[in-house]
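J.: To be precise about what I am sending: the file is called work_8.cif and holds mmCIF, C-alpha atoms.
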```cif
data_my_file
#
loop_
_atom_site.label_atom_id
_atom_site.label_comp_id
_atom_site.auth_asym_id
_atom_site.auth_seq_id
_atom_site.Cartn_x
_atom_site.Cartn_y
_atom_site.Cartn_z
CA MET U 199 0.80 232.49 158.92
CA LYS U 200 1.77 230.00 161.62
CA LEU U 201 2.31 230.83 165.25
CA ASP U 202 4.51 228.95 167.73
CA VAL U 203 4.90 229.90 171.37
CA VAL U 204 7.43 228.17 173.61
CA THR U 205 8.24 228.80 177.26
CA PRO U 206 10.69 227.10 179.62
CA GLU U 207 7.62 225.18 180.84
CA GLY U 208 7.05 223.70 177.40
CA SER U 209 5.36 224.46 174.09
CA LYS U 210 2.19 226.47 174.63
CA ILE U 211 1.06 226.97 171.04
CA THR U 212 2.18 224.86 168.10
CA ASP U 213 1.53 225.67 164.46
CA MET U 214 -1.60 227.73 165.03
CA ASP U 215 -3.07 229.21 161.85
CA THR U 216 -3.45 232.95 162.27
CA VAL U 217 -4.34 235.99 160.21
CA GLU U 218 -3.01 238.66 162.52
CA ILE U 219 -0.97 238.76 165.71
CA THR U 220 -0.63 241.73 168.04
CA LEU U 221 2.31 241.56 170.42
CA PRO U 222 3.58 243.72 173.29
CA GLY U 223 6.88 244.99 171.87
CA ILE U 224 9.45 246.72 174.06
CA VAL U 225 8.82 250.07 172.40
CA GLY U 226 5.08 249.59 171.99
CA GLU U 227 2.42 247.34 170.59
CA MET U 228 3.16 245.79 167.23
CA GLY U 229 0.96 243.98 164.77
CA ILE U 230 2.17 241.22 162.48
CA LEU U 231 0.31 240.44 159.28
CA PRO U 232 1.04 237.74 156.71
CA GLY U 233 3.92 238.69 154.40
CA HIS U 234 5.80 240.47 157.17
CA VAL U 235 9.53 240.91 156.51
CA ALA U 236 11.99 238.82 158.52
CA MET U 237 12.17 240.40 161.93
CA MET U 238 13.50 239.86 165.40
CA ALA U 239 12.00 241.88 168.20
CA GLY U 240 12.16 242.05 171.96
CA LEU U 241 8.93 241.66 173.90
CA GLY U 242 7.68 243.15 177.13
CA ALA U 243 4.98 241.90 179.45
CA GLY U 244 1.52 242.36 178.04
CA PRO U 245 -1.38 240.85 176.14
CA MET U 246 -0.94 238.93 172.91
CA LEU U 247 -3.99 239.06 170.64
CA VAL U 248 -4.20 236.35 168.01
CA GLN U 249 -6.75 236.60 165.21
CA THR U 250 -7.67 233.28 163.68
CA ASP U 251 -10.33 232.16 161.22
CA LYS U 252 -12.41 231.03 164.15
CA GLY U 253 -12.18 234.34 165.98
CA PRO U 254 -9.77 236.16 168.27
CA GLN U 255 -7.84 234.64 171.17
CA LEU U 256 -6.11 236.47 173.96
CA PHE U 257 -3.03 235.45 175.94
CA ALA U 258 -0.89 237.06 178.61
CA ILE U 259 2.83 236.81 177.90
CA SER U 260 5.83 238.18 179.76
CA GLY U 261 9.12 239.13 178.17
CA GLY U 262 11.21 237.26 175.66
CA PHE U 263 11.36 237.90 171.94
CA VAL U 264 9.74 237.05 168.64
CA GLU U 265 11.25 235.85 165.39
CA VAL U 266 9.33 236.29 162.15
CA LEU U 267 10.72 234.32 159.24
CA ASN U 268 9.04 232.83 156.17
CA GLU U 269 5.43 233.14 157.40
CA GLN U 270 6.45 231.57 160.71
CA VAL U 271 6.02 233.58 163.88
CA ARG U 272 7.98 232.16 166.78
CA VAL U 273 7.55 233.60 170.22
CA LEU U 274 9.90 232.75 173.06
CA THR U 275 8.63 234.02 176.35
CA GLU U 276 8.85 233.33 180.08
CA THR U 277 5.14 232.65 180.49
CA CYS U 278 2.13 232.42 178.20
CA GLU U 279 -1.36 231.95 179.59
CA GLY U 280 -4.72 231.85 177.86
CA PHE U 281 -7.55 233.69 179.60
CA ALA U 282 -9.08 230.40 180.73
CA ASP U 283 -5.82 229.50 182.54
CA ILE U 284 -5.92 232.64 184.64
CA ASP U 285 -7.81 232.84 187.90
CA ALA U 286 -8.79 236.54 187.88
CA ASP U 287 -9.48 236.68 191.63
CA ARG U 288 -6.10 235.22 192.51
CA ALA U 289 -4.44 237.51 190.00
CA ARG U 290 -6.10 240.49 191.73
CA GLU U 291 -4.79 239.32 195.09
CA LYS U 292 -1.33 238.98 193.61
CA LEU U 293 -1.58 242.44 192.08
CA VAL U 294 -2.30 243.91 195.51
CA GLY U 295 0.76 242.09 196.84
CA ALA U 296 2.90 243.27 193.93
CA ASN U 297 1.75 246.87 194.41
CA THR U 298 2.56 246.77 198.13
CA ASN U 299 5.96 245.41 197.22
CA LEU U 300 6.46 248.16 194.66
CA ASP U 301 5.71 250.79 197.30
CA GLY U 302 8.80 249.63 199.12
CA PHE U 303 11.03 250.75 196.25
CA SER U 304 11.62 253.99 194.42
CA PRO U 305 12.97 254.44 190.88
CA ALA U 306 16.31 255.23 192.50
CA ASP U 307 16.63 251.57 193.52
CA GLY U 308 17.38 250.66 189.91
CA GLU U 309 17.01 247.00 189.13
CA ALA U 310 14.98 246.07 192.21
CA TYR U 311 12.45 248.74 191.28
CA GLN U 312 12.27 247.45 187.72
CA VAL U 313 11.69 243.90 188.91
CA ALA U 314 8.88 245.03 191.22
CA LEU U 315 7.39 247.19 188.48
CA SER U 316 7.41 244.40 185.92
CA SER U 317 5.70 242.12 188.43
CA VAL U 318 2.89 244.69 188.82
CA LYS U 319 2.63 244.98 185.05
CA LYS U 320 2.51 241.24 184.63
CA HIS U 321 -0.41 240.83 186.99
CA GLU U 322 -2.25 243.79 185.50
CA THR U 323 -1.92 242.11 182.12
CA ARG U 324 -3.17 238.83 183.48
CA ILE U 325 -6.29 240.43 184.96
CA LYS U 326 -6.96 242.33 181.77
CA VAL U 327 -6.53 239.18 179.69
CA ALA U 328 -8.80 237.19 181.99
CA GLU U 329 -11.56 239.80 181.71
CA ASP U 330 -11.18 240.75 178.05
CA GLY U 331 -10.75 237.15 177.01
CA LYS U 332 -14.16 236.31 178.45
CA SER U 333 -15.87 239.18 176.65
CA LEU U 334 -14.25 238.04 173.40
CA GLY U 335 -16.33 234.95 173.91
CA GLY U 336 -13.38 232.66 173.17
CA MET N 80 34.06 178.79 210.90
CA ALA N 81 31.25 181.17 211.73
CA THR N 82 28.71 179.98 214.24
CA LEU N 83 25.07 179.47 213.35
CA LYS N 84 24.11 182.56 215.27
CA GLN N 85 26.61 184.73 213.38
CA ILE N 86 25.43 183.48 210.03
CA ARG N 87 21.79 184.04 210.96
CA ARG N 88 22.60 187.58 211.99
CA ARG N 89 24.35 188.26 208.69
CA ILE N 90 21.38 186.95 206.73
CA GLU N 91 19.05 189.23 208.63
CA SER N 92 21.19 192.30 208.05
CA THR N 93 21.60 191.54 204.36
CA LYS N 94 17.86 191.17 204.08
CA SER N 95 17.24 194.60 205.52
CA THR N 96 19.92 196.08 203.27
CA LYS N 97 18.11 194.53 200.33
CA LYS N 98 14.87 196.14 201.42
CA ILE N 99 16.56 199.54 201.56
CA THR N 100 18.26 199.26 198.18
CA ARG N 101 15.01 198.10 196.61
CA ALA N 102 13.15 201.08 198.08
CA MET N 103 15.88 203.43 196.84
CA LYS N 104 15.58 201.95 193.39
CA LEU N 105 11.84 202.61 193.34
CA VAL N 106 12.32 206.17 194.56
CA ALA N 107 14.99 206.78 191.92
CA ALA N 108 12.66 205.43 189.23
CA ALA N 109 9.89 207.80 190.29
CA LYS N 110 12.28 210.75 190.42
CA LEU N 111 13.73 209.78 187.07
CA ARG N 112 10.31 210.04 185.51
CA ARG N 113 9.84 213.52 186.92
CA ALA N 114 13.32 214.63 185.85
CA GLN N 115 12.65 213.36 182.34
CA GLU N 116 9.39 215.27 182.19
CA ASN N 117 11.17 218.45 183.25
CA MET N 118 13.70 217.89 180.51
CA GLU N 119 11.06 217.26 177.87
CA ARG N 120 9.24 220.43 178.86
CA ALA N 121 12.33 222.59 178.55
CA LYS N 122 13.50 221.03 175.31
CA PRO N 123 11.42 223.03 172.77
CA TYR N 124 12.54 226.28 174.38
CA ALA N 125 16.20 225.23 174.39
CA ASN N 126 16.04 224.08 170.78
CA ARG N 127 14.23 227.16 169.59
CA ILE N 128 16.69 229.54 171.15
CA LYS N 129 19.50 227.61 169.50
CA ASP N 130 17.82 228.16 166.12
CA VAL N 131 17.51 231.84 166.87
CA ILE N 132 21.17 232.13 167.84
CA TYR N 133 22.14 230.53 164.57
CA ASP N 134 19.93 232.88 162.55
CA LEU N 135 21.26 235.85 164.46
CA ALA N 136 24.90 234.90 164.03
CA MET N 137 24.32 234.26 160.33
CA HIS N 138 22.88 237.70 159.81
CA THR N 139 24.98 239.80 162.12
CA GLY N 140 28.39 238.16 162.07
CA ARG N 141 30.23 236.94 165.13
CA GLU N 142 32.15 240.14 165.77
CA GLU N 143 29.00 242.06 166.69
CA HIS N 144 28.92 240.95 170.31
CA PRO N 145 31.65 239.94 172.78
CA LEU N 146 29.81 236.74 173.70
CA LEU N 147 30.18 235.58 170.10
CA GLN N 148 33.74 236.73 169.53
CA VAL N 149 36.48 234.15 169.40
CA ARG N 150 39.53 235.12 171.42
CA LYS N 151 42.59 233.32 172.70
CA GLU N 152 41.37 231.05 175.48
CA ASP N 153 44.00 231.70 178.14
CA LYS N 154 41.80 231.75 181.22
CA ALA N 155 39.10 229.11 181.13
CA LEU N 156 36.35 228.22 183.53
CA LEU N 157 35.21 224.62 183.81
CA ILE N 158 31.70 224.20 185.21
CA VAL N 159 31.42 220.77 186.79
CA VAL N 160 27.95 219.38 187.39
CA THR N 161 27.84 216.51 189.88
CA SER N 162 25.12 215.36 192.26
CA ASP N 163 24.37 216.19 195.88
CA ARG N 164 24.02 212.59 196.96
CA GLY N 165 26.04 209.45 196.46
CA LEU N 166 24.93 205.86 195.91
CA CYS N 167 24.63 206.33 192.18
CA GLY N 168 27.44 204.13 190.88
CA GLY N 169 30.20 205.78 188.88
CA PHE N 170 28.12 208.89 188.17
CA ASN N 171 30.16 211.35 190.22
CA SER N 172 33.58 209.77 189.95
CA ASN N 173 33.30 209.70 186.15
CA ILE N 174 32.58 213.42 186.10
CA ASN N 175 35.22 214.32 188.65
CA ARG N 176 37.90 212.30 186.94
CA ARG N 177 37.01 213.79 183.56
CA ALA N 178 37.19 217.30 184.98
CA GLU N 179 40.46 216.62 186.75
CA LYS N 180 41.94 215.24 183.55
CA TYR N 181 40.81 218.37 181.71
CA VAL N 182 42.57 220.56 184.25
CA ASN N 183 45.76 218.52 184.58
CA THR N 184 46.47 217.55 181.00
CA GLY N 185 45.83 221.03 179.66
CA GLU N 186 43.74 219.58 176.88
CA GLY N 187 41.96 222.83 176.03
CA GLY N 188 45.28 224.62 175.57
CA HIS N 189 44.47 227.13 178.32
CA GLN N 190 47.05 228.75 180.53
CA GLU N 191 44.91 228.42 183.61
CA VAL N 192 41.70 226.57 184.35
CA SER N 193 39.51 227.39 187.30
CA LEU N 194 36.45 225.47 188.41
CA ALA N 195 32.85 226.31 189.17
CA LEU N 196 31.18 223.48 191.04
CA ILE N 197 27.51 222.56 190.98
CA GLY N 198 26.72 219.66 193.33
CA LYS N 199 28.17 218.63 196.69
CA LYS N 200 30.02 215.58 195.39
CA GLY N 201 32.16 217.67 193.08
CA ARG N 202 32.88 220.12 195.87
CA ASP N 203 33.94 217.36 198.26
CA TYR N 204 36.23 215.88 195.61
CA PHE N 205 37.96 219.05 194.46
CA ARG N 206 38.35 220.67 197.87
CA ARG N 207 40.87 217.99 198.67
CA ARG N 208 42.81 218.62 195.50
CA ASP N 209 45.14 221.29 194.31
CA VAL N 210 42.81 223.10 191.93
CA ASP N 211 41.56 226.64 191.63
CA ILE N 212 37.91 226.66 192.72
CA ARG N 213 36.36 229.92 191.64
CA LYS N 214 32.74 229.34 192.62
CA GLU N 215 30.55 226.82 194.38
CA TYR N 216 26.82 226.60 193.73
CA MET N 217 25.27 224.18 196.18
CA ASP N 218 21.56 225.03 196.12
CA VAL N 219 20.81 224.50 192.44
CA LEU N 220 20.10 220.80 192.22
CA SER N 221 17.43 220.56 194.88
CA GLU N 222 15.11 222.82 192.92
CA PRO N 223 16.40 223.64 189.46
CA THR N 224 14.78 226.69 187.92
CA LEU N 225 15.68 228.86 185.00
CA GLU N 226 15.98 231.83 187.37
CA ARG N 227 18.63 230.09 189.45
CA ALA N 228 20.51 229.03 186.33
CA ALA N 229 20.25 232.62 185.14
CA ASP N 230 21.91 233.89 188.34
CA ILE N 231 24.88 231.64 187.69
CA GLY N 232 24.89 232.54 184.00
CA GLN N 233 24.92 236.27 184.82
CA GLU N 234 27.94 235.87 187.09
CA ILE N 235 29.90 233.93 184.51
CA ILE N 236 28.97 236.28 181.68
CA ALA N 237 29.95 239.31 183.77
CA GLU N 238 33.40 237.84 184.40
CA TYR N 239 33.74 236.93 180.77
CA ILE N 240 32.87 240.43 179.57
CA ASP N 241 35.17 241.81 182.24
CA GLY N 242 38.11 239.86 180.84
CA GLY N 243 38.53 237.67 183.92
CA LEU N 244 37.64 234.72 181.72
CA ASP N 245 38.30 233.92 178.07
CA ALA N 246 36.19 230.79 177.80
CA ALA N 247 33.77 228.66 179.76
CA TYR N 248 33.17 224.95 179.41
CA ILE N 249 30.64 222.76 181.09
CA VAL N 250 31.21 219.12 181.98
CA TYR N 251 28.18 217.05 182.89
CA ASN N 252 26.49 213.69 182.44
CA GLU N 253 24.43 213.65 179.31
CA PHE N 254 21.21 211.70 179.64
CA LYS N 255 21.29 209.01 176.96
CA SER N 256 18.62 206.72 178.35
CA ALA N 257 17.47 205.51 181.74
CA VAL N 258 20.38 203.06 181.84
CA SER N 259 23.14 205.00 180.13
CA GLN N 260 24.86 208.29 180.78
CA LYS N 261 27.74 209.88 178.93
CA VAL N 262 30.18 212.42 180.31
CA VAL N 263 30.46 215.34 177.91
CA VAL N 264 32.51 218.54 177.85
CA GLU N 265 30.77 221.35 176.01
CA LYS N 266 31.75 224.89 175.24
CA LEU N 267 29.50 227.49 176.83
CA LEU N 268 31.42 230.67 176.09
CA PRO N 269 32.14 232.14 173.66
CA ILE N 270 28.87 231.08 172.11
CA ASP N 271 29.33 228.80 169.16
CA PRO N 272 26.32 229.22 166.90
CA GLY N 273 27.17 226.00 165.08
CA ASP N 274 27.91 225.41 161.41
CA GLU N 275 24.76 223.66 160.43
CA ASP N 276 21.49 225.41 159.97
CA PRO N 277 19.26 223.68 162.51
CA ASN N 278 15.96 224.39 160.77
CA GLY N 279 17.20 224.83 157.21
CA GLU N 280 15.18 227.99 156.80
CA THR N 281 17.70 230.75 156.87
CA ASP N 282 17.95 232.49 153.54
CA GLY N 283 19.81 235.58 152.48
CA SER N 284 17.06 237.99 153.50
CA GLU N 285 17.93 240.63 156.03
CA PHE N 286 16.33 240.77 159.45
CA GLU N 287 14.63 243.80 160.76
CA TYR N 288 15.44 244.42 164.42
CA GLU N 289 13.27 245.99 166.98
CA PRO N 290 14.28 248.07 168.88
CA SER N 291 17.82 247.43 167.53
CA MET N 292 20.18 244.63 166.67
CA ALA N 293 22.42 245.47 169.60
CA ALA N 294 19.47 245.32 172.01
CA ILE N 295 18.35 241.96 170.65
CA LEU N 296 21.83 240.47 170.91
CA GLU N 297 22.15 241.90 174.40
CA SER N 298 19.05 240.06 175.58
CA VAL N 299 19.13 236.87 173.50
CA LEU N 300 22.76 235.84 173.94
CA PRO N 301 22.80 235.79 177.76
CA LEU N 302 19.43 234.02 177.71
CA TYR N 303 20.97 231.32 175.54
CA VAL N 304 23.82 230.82 177.99
CA ASN N 305 21.34 230.60 180.89
CA VAL N 306 19.12 228.14 179.08
CA ARG N 307 22.06 225.90 178.24
CA LEU N 308 23.18 225.89 181.85
CA TYR N 309 19.64 225.13 182.96
CA PHE N 310 19.28 222.33 180.46
CA ALA N 311 22.63 220.79 181.44
CA VAL N 312 21.48 220.74 185.07
CA LEU N 313 18.19 219.10 184.10
CA GLU N 314 20.02 216.49 182.03
CA SER N 315 22.46 215.81 184.80
CA LEU N 316 19.61 215.31 187.28
CA ALA N 317 17.86 212.85 184.98
CA ALA N 318 21.15 211.04 184.38
CA GLU N 319 21.79 210.90 188.13
CA MET N 320 18.45 209.26 188.79
CA GLY N 321 19.08 206.78 185.98
CA ALA N 322 22.52 205.95 187.39
CA ARG N 323 21.10 205.55 190.89
CA MET N 324 18.36 203.28 189.64
CA THR N 325 20.89 201.01 187.93
CA ALA N 326 23.22 201.04 190.92
CA MET N 327 20.44 200.18 193.34
CA GLU N 328 19.10 197.46 191.10
CA ASN N 329 22.56 195.86 191.06
CA ALA N 330 22.85 196.23 194.81
CA THR N 331 19.47 194.54 195.29
CA LYS N 332 20.54 191.71 193.02
CA ASN N 333 23.84 191.28 194.85
CA ALA N 334 22.07 191.26 198.20
CA GLY N 335 19.79 188.50 196.89
CA ASP N 336 22.81 186.44 195.77
CA MET N 337 24.47 186.94 199.11
CA ILE N 338 21.36 185.87 201.02
CA ARG N 339 21.23 182.70 198.93
CA SER N 340 24.86 181.78 199.54
CA LEU N 341 24.59 182.62 203.25
CA THR N 342 21.47 180.49 203.59
CA LEU N 343 23.35 177.58 201.99
CA LYS N 344 26.22 178.06 204.39
CA PHE N 345 23.77 178.28 207.29
CA ASN N 346 22.09 175.01 206.34
CA LYS N 347 25.43 173.26 205.92
CA ALA N 348 26.57 174.44 209.34
CA ARG N 349 23.25 173.37 210.86
CA GLN N 350 23.53 169.88 209.37
CA ALA N 351 27.13 169.56 210.49
CA ALA N 352 26.05 170.48 214.03
CA ILE N 353 23.25 167.89 213.97
CA THR N 354 25.61 165.23 212.66
CA THR N 355 28.14 165.97 215.39
CA GLU N 356 25.44 165.81 218.03
CA MET N 357 24.14 162.46 216.78
CA LEU N 358 27.65 161.02 216.68
CA GLU N 359 28.12 162.11 220.26
CA ILE N 360 24.85 160.48 221.36
CA VAL N 361 25.65 157.26 219.50
CA GLY N 362 29.18 157.29 220.92
CA GLY N 363 27.80 157.86 224.42
CA ALA N 364 25.29 155.00 224.06
CA GLU N 365 28.04 152.67 222.82
CA ALA N 366 30.17 153.52 225.83
CA LEU N 367 27.35 152.60 228.22
CA LYS N 368 27.10 149.04 226.90
#
```
Kindly return the structure encoded in the file as structure tokens.
T.:
Amino acid sequence: MKLDVVTPEGSKITDMDTVEITLPGIVGEMGILPGHVAMMAGLGAGPMLVQTDKGPQLFAISGGFVEVLNEQVRVLTETCEGFADIDADRAREKLVGANTNLDGFSPADGEAYQVALSSVKKHETRIKVAEDGKSLGG
Amino acid sequence: MATLKQIRRRIESTKSTKKITRAMKLVAAAKLRRAQENMERAKPYANRIKDVIYDLAMHTGREEHPLLQVRKEDKALLIVVTSDRGLCGGFNSNINRRAEKYVNTGEGGHQEVSLALIGKKGRDYFRRRDVDIRKEYMDVLSEPTLERAADIGQEIIAEYIDGGLDAAYIVYNEFKSAVSQKVVVEKLLPIDPGDEDPNGETDGSEFEYEPSMAAILESVLPLYVNVRLYFAVLESLAAEMGARMTAMENATKNAGDMIRSLTLKFNKARQAAITTEMLEIVGGAEALK
């Protein structure tokens, strides 16, 4: 099963051989195994775990969608970072900033609240990926 | 006939003009490289989403979402992408004239065409003309991002869904190569998924949608519109830098030619002055005999 990830910043992963992919779906985590039926799914912000022959790899992705067709998994997302690309300390600083920002809104603010919330989520994911990725030994 | 002093002054000023145009050419070349890199980076994303739109339209049918539905195109929006700065040859006037022709000749068969302008040169051109300017976006070109393009896309989509618009077209300079640009008019809305399968992979099998087909269409279709807008802006920027580079190269060459011909004129005038002076001296000496 091949994996492609593209972002507006360019191709991040091209034709990677995988045996299992776990993605942050909108309604919850979803796993994709070889032989999966054709599918199109929306993605939220969260970690993407890719199992390859050489071991697992972890990435932080945010939003977008995935298309599964003929043993090809194509992910389109706003950002995709491997754990090595993430500076955990800076991500923590940014999380503090995002949380402070979130405090300024309440769920009644609608879209602005959602934007602030997704920013918090994004940085939480990045920190988690940076830490877990290391322990995976990738 | 110009005096020696006047000619010398003209040579000096042409020389400094040449220095400026040469510097501008070098700057444009550097910016062109960056603009091309931006374009190359965004390309896989733009192409991929096009594939997805095709697959989606194949499997769902065009009537499933208003952005895909074909309706009578009475009220059209023409998005005109020009540049913020001049000195880039025919870049802006080609675009403006093409857009004006589109509006005046009624070539799309619309009842009314309004304009959305990206770039100061288009704004300056159309403000002085009798056209319906619906929107002006002046802060996009200095720092093009997908977010900014998405803001514009959202506005246009909202009006389209609302019924204020029946179609949207975009006219911009397509980047062919560093030395050639082509003005193109492309349909943005309703989305045309194309007739040809871009990756040749779509078979009859049904897609599974998560959470639902409607939700996927609702997020993918606007994204496609935004990405196309974004990509058109990136292309236009690269094309602008290419056009400026060519224009400045020509200007530098012309300045060189002018310096040469002025120098020739200067030398001729100088020799004529010397000859006159010598004749006067000889004449004076003759008279004293």
J.: So how many Å separate atom CA of Ala155 of chain N and atom CA of Lys255 of chain N, to one decimal?
T.: 27.2 Å
J.: Check which residues satisfy the PyMOL selection byres ((chain N) within 10 of (chain U)) in the file shown, then give them as a count of residues only.
T.: 39
J.: Hey, can you check how far atom CA of Ile99 of chain N sits from atom CA of Gln115 of chain N?
T.: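 These two atoms are separated by 24.0 Å.
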J.: How far is it from atom CA of Asp251 of chain U to atom CA of Arg324 of chain U, in Å with one decimal?
T.: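 According to the coordinates, atom CA of Asp251 of chain U and atom CA of Arg324 of chain U are separated by 24.3 Å.
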J.: Once the PyMOL selection byres ((chain U and resi 258) around 12) has been evaluated on this model, what residues remain selected, and can you format them as a short mmCIF file (atom, residue, chain, number, x, y, z; two decimals) with C-alpha atoms, in the coordinates of the input?
T.:
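And here's out02.cif as it stands now:
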```cif
data_model
loop_
_atom_site.label_atom_id
_atom_site.label_comp_id
_atom_site.auth_asym_id
_atom_site.auth_seq_id
_atom_site.Cartn_x
_atom_site.Cartn_y
_atom_site.Cartn_z
CA VAL U 203 4.90 229.90 171.37
CA LYS U 210 2.19 226.47 174.63
CA THR U 220 -0.63 241.73 168.04
CA LEU U 221 2.31 241.56 170.42
CA PRO U 222 3.58 243.72 173.29
CA LEU U 241 8.93 241.66 173.90
CA GLY U 242 7.68 243.15 177.13
CA ALA U 243 4.98 241.90 179.45
CA GLY U 244 1.52 242.36 178.04
CA PRO U 245 -1.38 240.85 176.14
CA MET U 246 -0.94 238.93 172.91
CA LEU U 247 -3.99 239.06 170.64
CA VAL U 248 -4.20 236.35 168.01
CA GLN U 255 -7.84 234.64 171.17
CA LEU U 256 -6.11 236.47 173.96
CA PHE U 257 -3.03 235.45 175.94
CA ILE U 259 2.83 236.81 177.90
CA SER U 260 5.83 238.18 179.76
CA GLY U 261 9.12 239.13 178.17
CA THR U 275 8.63 234.02 176.35
CA GLU U 276 8.85 233.33 180.08
CA THR U 277 5.14 232.65 180.49
CA CYS U 278 2.13 232.42 178.20
CA GLU U 279 -1.36 231.95 179.59
CA GLY U 280 -4.72 231.85 177.86
CA PHE U 281 -7.55 233.69 179.60
CA ALA U 282 -9.08 230.40 180.73
CA ASP U 283 -5.82 229.50 182.54
CA ILE U 284 -5.92 232.64 184.64
CA ALA U 289 -4.44 237.51 190.00
CA LYS U 319 2.63 244.98 185.05
CA LYS U 320 2.51 241.24 184.63
CA HIS U 321 -0.41 240.83 186.99
CA GLU U 322 -2.25 243.79 185.50
CA THR U 323 -1.92 242.11 182.12
CA ARG U 324 -3.17 238.83 183.48
CA ILE U 325 -6.29 240.43 184.96
CA LYS U 326 -6.96 242.33 181.77
CA VAL U 327 -6.53 239.18 179.69
CA ALA U 328 -8.80 237.19 181.99
CA GLU U 329 -11.56 239.80 181.71
CA ASP U 330 -11.18 240.75 178.05
CA GLY U 331 -10.75 237.15 177.01
#
```
J.: Where does the PyMOL selection byres ((chain N and resi 201) around 10) land in this file, that is, which residues does it pick, as a list in words?
T.: Val159, Val160, Thr161, Ser162, Asp163, Asn171, Ser172, Ile174, Asn175, Arg176, Ala178, Ala195, Leu196, Ile197, Gly198, Lys199, Lys200, Arg202, Asp203, Tyr204, Phe205, Arg206, Glu215 and Met217 of chain N
J.: Residues at most 9 Å from Gly243 of chain N, counting only C-alpha atoms, excluding those fewer than 5 positions away in the same chain, as an MDAnalysis selection string?
T.: chainID N and resid 154 237:238
J.: Taking the point (29.8, 225.3, 175.6) as given in the file, collect each protein or nucleic acid residue that comes within 7 Å of it, counting only C-alpha atoms, and present the set as an MDAnalysis selection string.
T.: chainID N and resid 247:249 265:268 270
J.: Env of Ala102 of chain N: 12 Å cut, atoms = all atoms listed in the file, seq-sep filter 3 positions within chain, self excluded. Answer as number ranges by chain.
T.: N: 95-99, 105-109, 323-324, 327-328, 330-331
J.: Considering all atoms listed in the file, return as a VMD selection string whatever protein or nucleic-acid residues lie within 10 Å of segment 348-364 of chain N, sequence-local ones (same chain, fewer than 6 positions apart) excluded.
T.: chain N and resid 80 to 83 86 342
J.: Excluding same-chain residues fewer than 5 positions from Pro232 of chain U, what lies within 7 Å of it counting all atoms listed in the file, as a list in words?
T.: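 Contacts, in chain order: Met199, Val217 and Glu269 of chain U.
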